[in-house]
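Coordinates from input-v1.txt are shown below (compact mmCIF, C-alpha atoms).
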```
# COMPACT_ATOMS: atom_id res chain seq x y z
CA TYR Y 1 0.00 0.00 0.00
CA ARG Y 2 1.20 3.49 -0.84
CA ALA Y 3 -0.58 6.41 0.72
CA PRO Y 4 -1.92 8.87 -1.84
CA CYS Y 5 -0.28 12.22 -2.24
CA ARG Y 6 -1.90 15.02 -0.32
CA ARG Y 7 -1.89 18.54 -1.57
CA GLY Y 8 0.51 20.84 0.26
CA GLN Y 9 -1.15 23.66 2.11
CA SER Y 10 0.56 27.04 2.33
CA SER Y 11 0.07 28.79 5.63
CA ALA Y 12 -0.12 32.57 5.62
CA GLY Y 13 2.24 34.02 8.17
CA ALA Y 14 2.02 37.31 9.96
CA ARG Y 15 3.62 39.12 7.03
CA SER Y 16 1.64 41.86 5.31
CA MET Y 17 3.62 42.24 2.08
CA LYS Y 18 1.60 41.70 -1.08
CA ALA Y 19 3.72 40.60 -4.00
CA LEU Y 20 2.92 39.92 -7.62
CA LEU Y 21 4.61 36.68 -8.65
CA LEU Y 22 5.17 35.93 -12.32
CA ASP Y 23 6.35 32.60 -13.75
CA LEU Y 24 7.40 32.69 -17.40
CA GLY Y 25 7.33 29.04 -18.43
CA ASN Y 26 8.24 27.39 -21.71
CA SER Y 27 4.85 27.94 -23.33
CA ARG Y 28 2.72 30.11 -21.00
CA TRP Y 29 2.94 32.78 -18.33
CA LYS Y 30 1.35 32.44 -14.91
CA PHE Y 31 0.90 34.96 -12.15
CA ALA Y 32 -0.58 35.16 -8.67
CA LEU Y 33 -0.61 37.52 -5.73
CA SER Y 34 0.97 36.41 -2.48
CA GLN Y 35 0.77 37.50 1.13
CA GLY Y 36 3.39 35.80 3.25
CA LEU Y 37 3.68 32.22 2.01
CA ALA Y 38 0.10 32.03 0.77
CA ILE Y 39 -0.55 32.53 -2.94
CA GLY Y 40 -3.91 33.53 -4.33
CA GLN Y 41 -5.70 32.53 -7.50
CA VAL Y 42 -3.38 31.66 -10.37
CA GLU Y 43 -4.03 33.21 -13.78
CA ASP Y 44 -2.25 32.21 -16.95
CA GLY Y 45 -2.08 32.83 -20.67
CA ALA Y 46 -0.09 32.46 -23.86
CA TYR Y 47 2.67 34.89 -24.80
CA SER Y 48 0.43 36.12 -27.59
CA GLU Y 49 -1.97 37.31 -24.86
CA LEU Y 50 0.16 39.93 -23.13
CA ALA Y 51 -2.69 42.44 -23.26
CA ALA Y 52 -4.58 40.14 -20.90
CA LEU Y 53 -1.56 40.09 -18.59
CA ARG Y 54 -1.35 43.88 -18.59
CA ALA Y 55 -5.06 44.20 -17.75
CA ALA Y 56 -4.74 41.68 -14.94
CA VAL Y 57 -1.74 43.48 -13.43
CA GLN Y 58 -3.41 46.88 -13.71
CA SER Y 59 -6.47 45.61 -11.88
CA ASN Y 60 -4.28 44.60 -8.94
CA ALA Y 61 -1.70 47.41 -9.06
CA ASP Y 62 -3.00 49.28 -6.00
CA GLN Y 63 -2.50 46.20 -3.80
CA LEU Y 64 1.14 45.58 -4.66
CA GLU Y 65 4.39 46.32 -2.87
CA THR Y 66 6.77 44.27 -5.01
CA ILE Y 67 6.96 42.29 -8.26
CA LEU Y 68 9.06 39.14 -8.64
CA LEU Y 69 9.62 37.41 -11.97
CA ALA Y 70 11.22 34.08 -12.87
CA SER Y 71 11.78 33.18 -16.51
CA VAL Y 72 12.99 30.18 -18.47
CA VAL Y 73 12.14 31.71 -21.86
CA ASP Y 74 14.35 33.74 -24.19
CA LYS Y 75 15.48 37.29 -23.44
CA GLN Y 76 13.22 38.84 -26.10
CA THR Y 77 10.09 37.33 -24.57
CA THR Y 78 11.20 38.13 -21.03
CA ASP Y 79 11.91 41.76 -21.99
CA ALA Y 80 8.50 42.04 -23.68
CA VAL Y 81 6.74 40.82 -20.53
CA THR Y 82 8.83 43.14 -18.34
CA ALA Y 83 7.87 46.09 -20.54
CA VAL Y 84 4.20 45.19 -20.11
CA LEU Y 85 4.66 45.12 -16.34
CA HIS Y 86 6.34 48.53 -16.37
CA ARG Y 87 3.43 49.99 -18.35
CA ALA Y 88 0.88 48.42 -16.04
CA CYS Y 89 2.47 49.21 -12.69
CA ALA Y 90 5.00 51.73 -11.38
CA LEU Y 91 6.87 49.20 -9.26
CA PRO Y 92 10.29 47.89 -10.34
CA VAL Y 93 10.42 44.28 -11.48
CA ARG Y 94 12.88 42.03 -9.68
CA ARG Y 95 14.00 39.14 -11.86
CA ILE Y 96 15.08 36.10 -9.85
CA SER Y 97 18.00 34.15 -11.28
CA SER Y 98 19.72 30.89 -10.40
CA THR Y 99 22.77 32.80 -9.11
CA ASP Y 100 20.75 34.66 -6.45
CA ARG Y 101 21.07 33.68 -2.81
CA MET Y 102 17.97 31.77 -1.75
CA PRO Y 103 16.33 31.64 1.70
CA ASP Y 104 17.48 28.56 3.65
CA LEU Y 105 18.78 26.75 0.57
CA THR Y 106 22.22 26.46 -1.03
CA ALA Y 107 22.28 25.48 -4.69
CA GLY Y 108 24.63 22.60 -5.39
CA TYR Y 109 25.46 23.13 -9.06
CA LEU Y 110 29.12 23.66 -9.89
CA LYS Y 111 28.10 26.38 -12.34
CA LEU Y 112 25.06 28.10 -10.88
CA GLU Y 113 24.12 29.73 -14.17
CA GLN Y 114 23.38 26.26 -15.59
CA LEU Y 115 20.72 25.53 -12.97
CA GLY Y 116 17.23 26.38 -14.17
CA VAL Y 117 15.58 28.99 -11.99
CA ASP Y 118 12.40 26.90 -12.07
CA ARG Y 119 14.25 23.99 -10.44
CA LEU Y 120 15.81 26.30 -7.87
CA LEU Y 121 12.46 27.80 -6.89
CA ALA Y 122 10.83 24.37 -6.72
CA MET Y 123 13.43 23.39 -4.12
CA VAL Y 124 12.87 26.66 -2.23
CA ALA Y 125 9.13 25.93 -2.13
CA ALA Y 126 9.70 22.41 -0.81
CA ARG Y 127 12.38 23.42 1.68
CA ALA Y 128 10.01 25.97 3.26
CA ARG Y 129 7.72 23.07 4.22
CA THR Y 130 10.12 20.63 5.86
CA ARG Y 131 13.42 20.36 7.68
CA ARG Y 132 13.83 16.74 6.67
CA PRO Y 133 15.95 15.67 3.71
CA LEU Y 134 13.79 16.07 0.64
CA CYS Y 135 13.31 15.10 -2.97
CA VAL Y 136 11.31 17.36 -5.25
CA VAL Y 137 9.94 16.14 -8.57
CA ASP Y 138 8.68 18.69 -11.09
CA ALA Y 139 6.85 16.79 -13.83
CA GLY Y 140 6.30 19.12 -16.75
CA THR Y 141 7.62 19.37 -20.32
CA ALA Y 142 10.79 17.97 -18.80
CA VAL Y 143 10.90 16.12 -15.49
CA THR Y 144 13.42 17.31 -12.92
CA VAL Y 145 14.33 15.40 -9.77
CA ASP Y 146 16.40 17.16 -7.08
CA PHE Y 147 17.66 16.16 -3.64
CA VAL Y 148 18.27 18.50 -0.69
CA ASP Y 149 19.75 17.48 2.65
CA ALA Y 150 18.40 18.42 6.10
CA GLY Y 151 20.71 21.43 6.25
CA GLY Y 152 19.35 22.91 3.02
CA LEU Y 153 22.22 21.89 0.74
CA HIS Y 154 21.17 20.88 -2.77
CA LEU Y 155 23.10 17.73 -3.64
CA GLY Y 156 22.15 17.64 -7.33
CA GLY Y 157 19.60 15.80 -9.40
CA PHE Y 158 18.38 14.60 -12.76
CA ILE Y 159 16.65 15.91 -15.88
CA LEU Y 160 14.49 13.56 -17.95
CA PRO Y 161 12.13 14.05 -20.86
CA GLY Y 162 8.56 14.54 -19.74
CA TYR Y 163 5.87 12.03 -20.67
CA ARG Y 164 5.04 13.65 -24.01
CA LEU Y 165 8.67 14.21 -24.99
CA PHE Y 166 9.49 10.62 -24.02
CA ARG Y 167 6.71 9.33 -26.25
CA GLU Y 168 7.40 11.66 -29.17
CA CYS Y 169 11.12 10.85 -29.15
CA LEU Y 170 10.35 7.13 -29.40
CA LEU Y 171 7.75 7.60 -32.10
CA ALA Y 172 10.01 9.85 -34.15
CA ASN Y 173 12.94 7.44 -34.11
CA THR Y 174 11.27 4.02 -34.27
CA SER Y 175 8.44 2.28 -36.09
CA ILE Y 176 6.29 2.16 -32.93
CA PRO Y 177 2.66 2.78 -33.97
CA ARG Y 178 1.04 6.05 -32.97
CA ASP Y 179 -1.80 4.48 -31.02
CA ALA Y 180 -2.44 6.71 -28.01
CA GLN Y 181 -4.85 4.49 -26.07
CA VAL Y 182 -3.23 3.74 -22.69
CA ASP Y 183 -4.45 1.34 -20.02
CA GLU Y 184 -4.11 3.66 -17.03
CA ALA Y 185 -4.76 0.85 -14.51
CA ALA Y 186 -2.06 -1.51 -15.84
CA LEU Y 187 0.91 -2.59 -13.75
CA LEU Y 188 2.84 -3.74 -16.82
CA GLY Y 189 2.35 -2.78 -20.46
CA ARG Y 190 0.51 -5.43 -22.45
CA ASP Y 191 0.15 -3.14 -25.45
CA THR Y 192 2.68 -0.72 -26.94
CA PRO Y 193 1.15 2.63 -25.91
CA THR Y 194 0.80 1.45 -22.32
CA ALA Y 195 4.35 0.08 -22.28
CA VAL Y 196 5.68 3.45 -23.49
CA ALA Y 197 3.63 5.42 -20.95
CA LEU Y 198 4.65 3.21 -18.05
CA GLY Y 199 8.28 3.33 -19.13
CA ALA Y 200 8.24 7.11 -18.84
CA ARG Y 201 6.53 7.07 -15.46
CA TYR Y 202 8.55 4.28 -13.87
CA SER Y 203 11.83 5.83 -14.98
CA VAL Y 204 11.06 8.79 -12.72
CA ALA Y 205 9.76 6.64 -9.87
CA GLY Y 206 12.82 4.38 -10.12
CA LEU Y 207 15.24 7.29 -9.75
CA VAL Y 208 13.36 8.65 -6.76
CA GLU Y 209 13.26 5.26 -5.05
CA ARG Y 210 16.91 4.39 -5.76
CA PHE Y 211 18.29 7.62 -4.30
CA SER Y 212 15.82 8.12 -1.46
CA THR Y 213 15.37 4.61 -0.01
CA GLY Y 214 17.11 2.19 -2.37
CA SER Y 215 20.60 0.91 -2.98
CA ALA Y 216 22.05 4.39 -3.59
CA ALA Y 217 20.15 6.13 -0.77
CA LEU Y 218 21.58 9.59 -0.15
CA PHE Y 219 20.21 9.86 3.38
CA PRO Y 220 20.59 6.43 5.05
CA GLY Y 221 18.59 6.11 8.25
CA GLN Y 222 16.71 9.35 7.65
CA ASP Y 223 13.13 9.91 6.55
CA VAL Y 224 13.03 11.63 3.19
CA GLN Y 225 10.08 13.88 2.35
CA ILE Y 226 9.06 13.68 -1.29
CA PHE Y 227 7.26 16.53 -3.05
CA VAL Y 228 5.78 16.32 -6.53
CA GLY Y 229 4.34 19.03 -8.76
CA GLY Y 230 3.89 19.95 -12.42
CA GLY Y 231 1.31 19.11 -15.02
CA ASP Y 232 1.99 15.36 -14.98
CA ALA Y 233 2.25 15.07 -11.19
CA GLY Y 234 -0.93 13.01 -11.02
CA ALA Y 235 0.45 10.35 -13.37
CA ILE Y 236 3.70 9.98 -11.44
CA SER Y 237 2.71 10.46 -7.79
CA GLY Y 238 0.98 7.09 -7.44
CA LEU Y 239 4.19 5.29 -8.45
CA LEU Y 240 6.47 6.98 -5.94
CA PRO Y 241 7.87 4.75 -3.19
CA ASP Y 242 6.57 6.64 -0.15
CA ALA Y 243 3.75 8.95 0.78
CA CYS Y 244 4.39 12.28 -0.91
CA ILE Y 245 3.09 15.81 -0.79
CA ARG Y 246 1.50 17.26 -3.89
CA LEU Y 247 2.70 20.83 -4.21
CA ASP Y 248 1.19 22.67 -7.15
CA GLU Y 249 2.60 25.79 -8.82
CA LEU Y 250 6.12 25.11 -7.58
CA VAL Y 251 7.70 28.19 -9.16
CA LEU Y 252 5.07 30.57 -7.82
CA GLN Y 253 5.27 28.92 -4.40
CA GLY Y 254 9.04 29.39 -4.42
CA LEU Y 255 8.70 33.02 -5.45
CA ALA Y 256 6.33 33.56 -2.52
CA VAL Y 257 9.00 32.24 -0.14
CA VAL Y 258 11.58 34.61 -1.65
CA ALA Y 259 9.19 37.58 -1.43
CA ALA Y 260 8.31 36.80 2.19
CA SER Y 261 11.96 36.41 3.19
CA LYS Y 262 12.73 39.96 2.08
CA GLU Y 263 10.31 41.35 4.66
CA SER Y 264 11.98 39.74 7.66
```
Translate the structure of the given file into structure tokens.
Amino acid sequence: YRAPCRRGQSSAGARSMKALLLDLGNSRWKFALSQGLAIGQVEDGAYSELAALRAAVQSNADQLETILLASVVDKQTTDAVTAVLHRACALPVRRISSTDRMPDLTAGYLKLEQLGVDRLLAMVAARARTRRPLCVVDAGTAVTVDFVDAGGLHLGGFILPGYRLFRECLLANTSIPRDAQVDEAALLGRDTPTAVALGARYSVAGLVERFSTGSAALFPGQDVQIFVGGGDAGAISGLLPDACIRLDELVLQGLAVVAASKES
């Protein structure tokens, strides 16, 4: 038996700062307001819909004290979004990067500029919710798996293709048929689409298990807290070796931690 993931709950602290948090992902932007560690309703849109972003920011401008932005898209797109924010609100925009010092977390990459800011903020979000060693899985276009010790040191991690990339890579380079019907209840694949889908999911679960409780356990004798988020979190969470916490909107949650830390 594996206990189902439970959704992580952010608790609003005594902080009064209201921040606008903006996550520029690979294909869409997302934003939310935060007060302390609690984030409000998330709104999102395509990069062709920046007028909608400007309207949304303008409607909240009188509530804001700071704006934080994290981006994994190209400079041109990031600059275009920043210009929209400047037109919509008089506040300066603080762009968070992977070389910034993070609250209660030390990035473990040898070259910090190579670490995606989305991965960094996912770890910040998870670290704010536990003092145990942790593993955070962000299952999106790509899947990232990162490990952090009880002292807040990031030990490193893995990057894998997400479910759709995994499937498309196989289909593009083999003669596997493009049947998309998957048996979601199967333990093993008894048809090709199910075998491909389970291969993608178990590859993530296997890494998590091996390095958290298995033969290459990074924290022997310690309880490891596992967090999972991203668009494909639901498909992966049921295969993870221990009870995990579902933590949605990892980047925005991490930005909220950074914003709150600046008020202390």
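If you look at CA of Arg201 in chain Y and CA of Ile39 in chain Y, they are 29.2 Å away from each other.
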Exercise: range 211-224 of chain Y partners within 10 Å, all atoms listed in the file, chain neighbours under 3 positions left out, as a PyMOL selection string: chain Y and resi 130-135+147-150+155+157+206-208+227+241-244
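One finds CA of Asp146 in chain Y at 26.9 Å from CA of Thr194 in chain Y.
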Gap from CA of Cys169 in chain Y to CA of Val143 in chain Y - Å, one decimal: 14.6 Å
Expected residue set, 10 Å radius at (-2.3, 50.8, -13.2), all atoms listed in the file, as a list of chain:residue names: Y:Arg54, Y:Ala55, Y:Ala56, Y:Val57, Y:Gln58, Y:Ser59, Y:Asn60, Y:Ala61, Y:Asp62, Y:Leu85, Y:His86, Y:Arg87, Y:Ala88, Y:Cys89, Y:Ala90
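Closest to Ala256 in chain Y among Y:Gln76, Y:Thr174, Y:Ser48, Y:Thr66 is Y:Thr66, based on all atoms listed in the file.
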Hey, what's within 10 Å of Asp74 in chain Y if we count only C-alpha atoms and toss same-chain stuff fewer than 5 positions away? As a PDB file with C-alpha atoms, in the frame of the given file, please?
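Written out: part_34.pdb:
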```
ATOM      1  CA  LEU Y  24       7.400  32.690 -17.400  1.00  0.00           C
ATOM      2  CA  ASN Y  26       8.240  27.390 -21.710  1.00  0.00           C
ATOM      3  CA  ASP Y  79      11.910  41.760 -21.990  1.00  0.00           C
TER       4      ASP Y  79
END
```
Got a minute to add N, CA and C atoms to range 97-117 of chain Y and dump it as a PDB file, in the coordinates of the input?
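out-v7.pdb was written with the following content:
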```pdb
ATOM      1  N   SER Y  97      17.153  35.001 -10.448  1.00  0.00           N
ATOM      2  CA  SER Y  97      18.000  34.150 -11.280  1.00  0.00           C
ATOM      3  C   SER Y  97      18.607  33.038 -10.425  1.00  0.00           C
ATOM      4  N   SER Y  98      19.167  32.055 -11.093  1.00  0.00           N
ATOM      5  CA  SER Y  98      19.720  30.890 -10.400  1.00  0.00           C
ATOM      6  C   SER Y  98      20.999  31.225  -9.622  1.00  0.00           C
ATOM      7  N   THR Y  99      21.576  32.398  -9.858  1.00  0.00           N
ATOM      8  CA  THR Y  99      22.770  32.800  -9.110  1.00  0.00           C
ATOM      9  C   THR Y  99      22.435  33.609  -7.860  1.00  0.00           C
ATOM     10  N   ASP Y 100      21.152  33.914  -7.642  1.00  0.00           N
ATOM     11  CA  ASP Y 100      20.750  34.660  -6.450  1.00  0.00           C
ATOM     12  C   ASP Y 100      20.851  33.782  -5.211  1.00  0.00           C
ATOM     13  N   ARG Y 101      21.108  34.403  -4.080  1.00  0.00           N
ATOM     14  CA  ARG Y 101      21.070  33.680  -2.810  1.00  0.00           C
ATOM     15  C   ARG Y 101      19.615  33.415  -2.442  1.00  0.00           C
ATOM     16  N   MET Y 102      19.325  32.174  -2.061  1.00  0.00           N
ATOM     17  CA  MET Y 102      17.970  31.770  -1.750  1.00  0.00           C
ATOM     18  C   MET Y 102      17.783  31.591  -0.242  1.00  0.00           C
ATOM     19  N   PRO Y 103      16.572  31.814   0.271  1.00  0.00           N
ATOM     20  CA  PRO Y 103      16.330  31.640   1.700  1.00  0.00           C
ATOM     21  C   PRO Y 103      16.425  30.170   2.115  1.00  0.00           C
ATOM     22  N   ASP Y 104      17.348  29.882   3.019  1.00  0.00           N
ATOM     23  CA  ASP Y 104      17.480  28.560   3.650  1.00  0.00           C
ATOM     24  C   ASP Y 104      17.785  27.443   2.668  1.00  0.00           C
ATOM     25  N   LEU Y 105      18.416  27.774   1.548  1.00  0.00           N
ATOM     26  CA  LEU Y 105      18.780  26.750   0.570  1.00  0.00           C
ATOM     27  C   LEU Y 105      20.074  27.172  -0.123  1.00  0.00           C
ATOM     28  N   THR Y 106      20.986  26.206  -0.294  1.00  0.00           N
ATOM     29  CA  THR Y 106      22.220  26.460  -1.030  1.00  0.00           C
ATOM     30  C   THR Y 106      22.238  25.595  -2.275  1.00  0.00           C
ATOM     31  N   ALA Y 107      22.267  26.226  -3.436  1.00  0.00           N
ATOM     32  CA  ALA Y 107      22.280  25.480  -4.690  1.00  0.00           C
ATOM     33  C   ALA Y 107      23.573  24.691  -4.818  1.00  0.00           C
ATOM     34  N   GLY Y 108      23.480  23.478  -5.347  1.00  0.00           N
ATOM     35  CA  GLY Y 108      24.630  22.600  -5.390  1.00  0.00           C
ATOM     36  C   GLY Y 108      25.305  22.469  -6.741  1.00  0.00           C
ATOM     37  N   TYR Y 109      24.835  23.213  -7.745  1.00  0.00           N
ATOM     38  CA  TYR Y 109      25.460  23.130  -9.060  1.00  0.00           C
ATOM     39  C   TYR Y 109      26.872  23.726  -9.029  1.00  0.00           C
ATOM     40  N   LEU Y 110      27.764  23.124  -9.791  1.00  0.00           N
ATOM     41  CA  LEU Y 110      29.120  23.660  -9.890  1.00  0.00           C
ATOM     42  C   LEU Y 110      29.139  24.982 -10.629  1.00  0.00           C
ATOM     43  N   LYS Y 111      28.274  25.126 -11.626  1.00  0.00           N
ATOM     44  CA  LYS Y 111      28.100  26.380 -12.340  1.00  0.00           C
ATOM     45  C   LYS Y 111      26.645  26.801 -12.158  1.00  0.00           C
ATOM     46  N   LEU Y 112      26.422  27.747 -11.263  1.00  0.00           N
ATOM     47  CA  LEU Y 112      25.060  28.100 -10.880  1.00  0.00           C
ATOM     48  C   LEU Y 112      24.221  28.574 -12.061  1.00  0.00           C
ATOM     49  N   GLU Y 113      24.867  29.202 -13.033  1.00  0.00           N
ATOM     50  CA  GLU Y 113      24.120  29.730 -14.170  1.00  0.00           C
ATOM     51  C   GLU Y 113      23.502  28.623 -15.020  1.00  0.00           C
ATOM     52  N   GLN Y 114      23.957  27.378 -14.842  1.00  0.00           N
ATOM     53  CA  GLN Y 114      23.380  26.260 -15.590  1.00  0.00           C
ATOM     54  C   GLN Y 114      22.118  25.699 -14.935  1.00  0.00           C
ATOM     55  N   LEU Y 115      21.884  26.052 -13.697  1.00  0.00           N
ATOM     56  CA  LEU Y 115      20.720  25.530 -12.970  1.00  0.00           C
ATOM     57  C   LEU Y 115      19.494  26.341 -13.338  1.00  0.00           C
ATOM     58  N   GLY Y 116      18.461  25.682 -13.822  1.00  0.00           N
ATOM     59  CA  GLY Y 116      17.230  26.380 -14.170  1.00  0.00           C
ATOM     60  C   GLY Y 116      16.606  27.043 -12.953  1.00  0.00           C
ATOM     61  N   VAL Y 117      16.177  28.290 -13.115  1.00  0.00           N
ATOM     62  CA  VAL Y 117      15.580  28.990 -11.990  1.00  0.00           C
ATOM     63  C   VAL Y 117      14.292  28.319 -11.545  1.00  0.00           C
TER      64      VAL Y 117
END
```
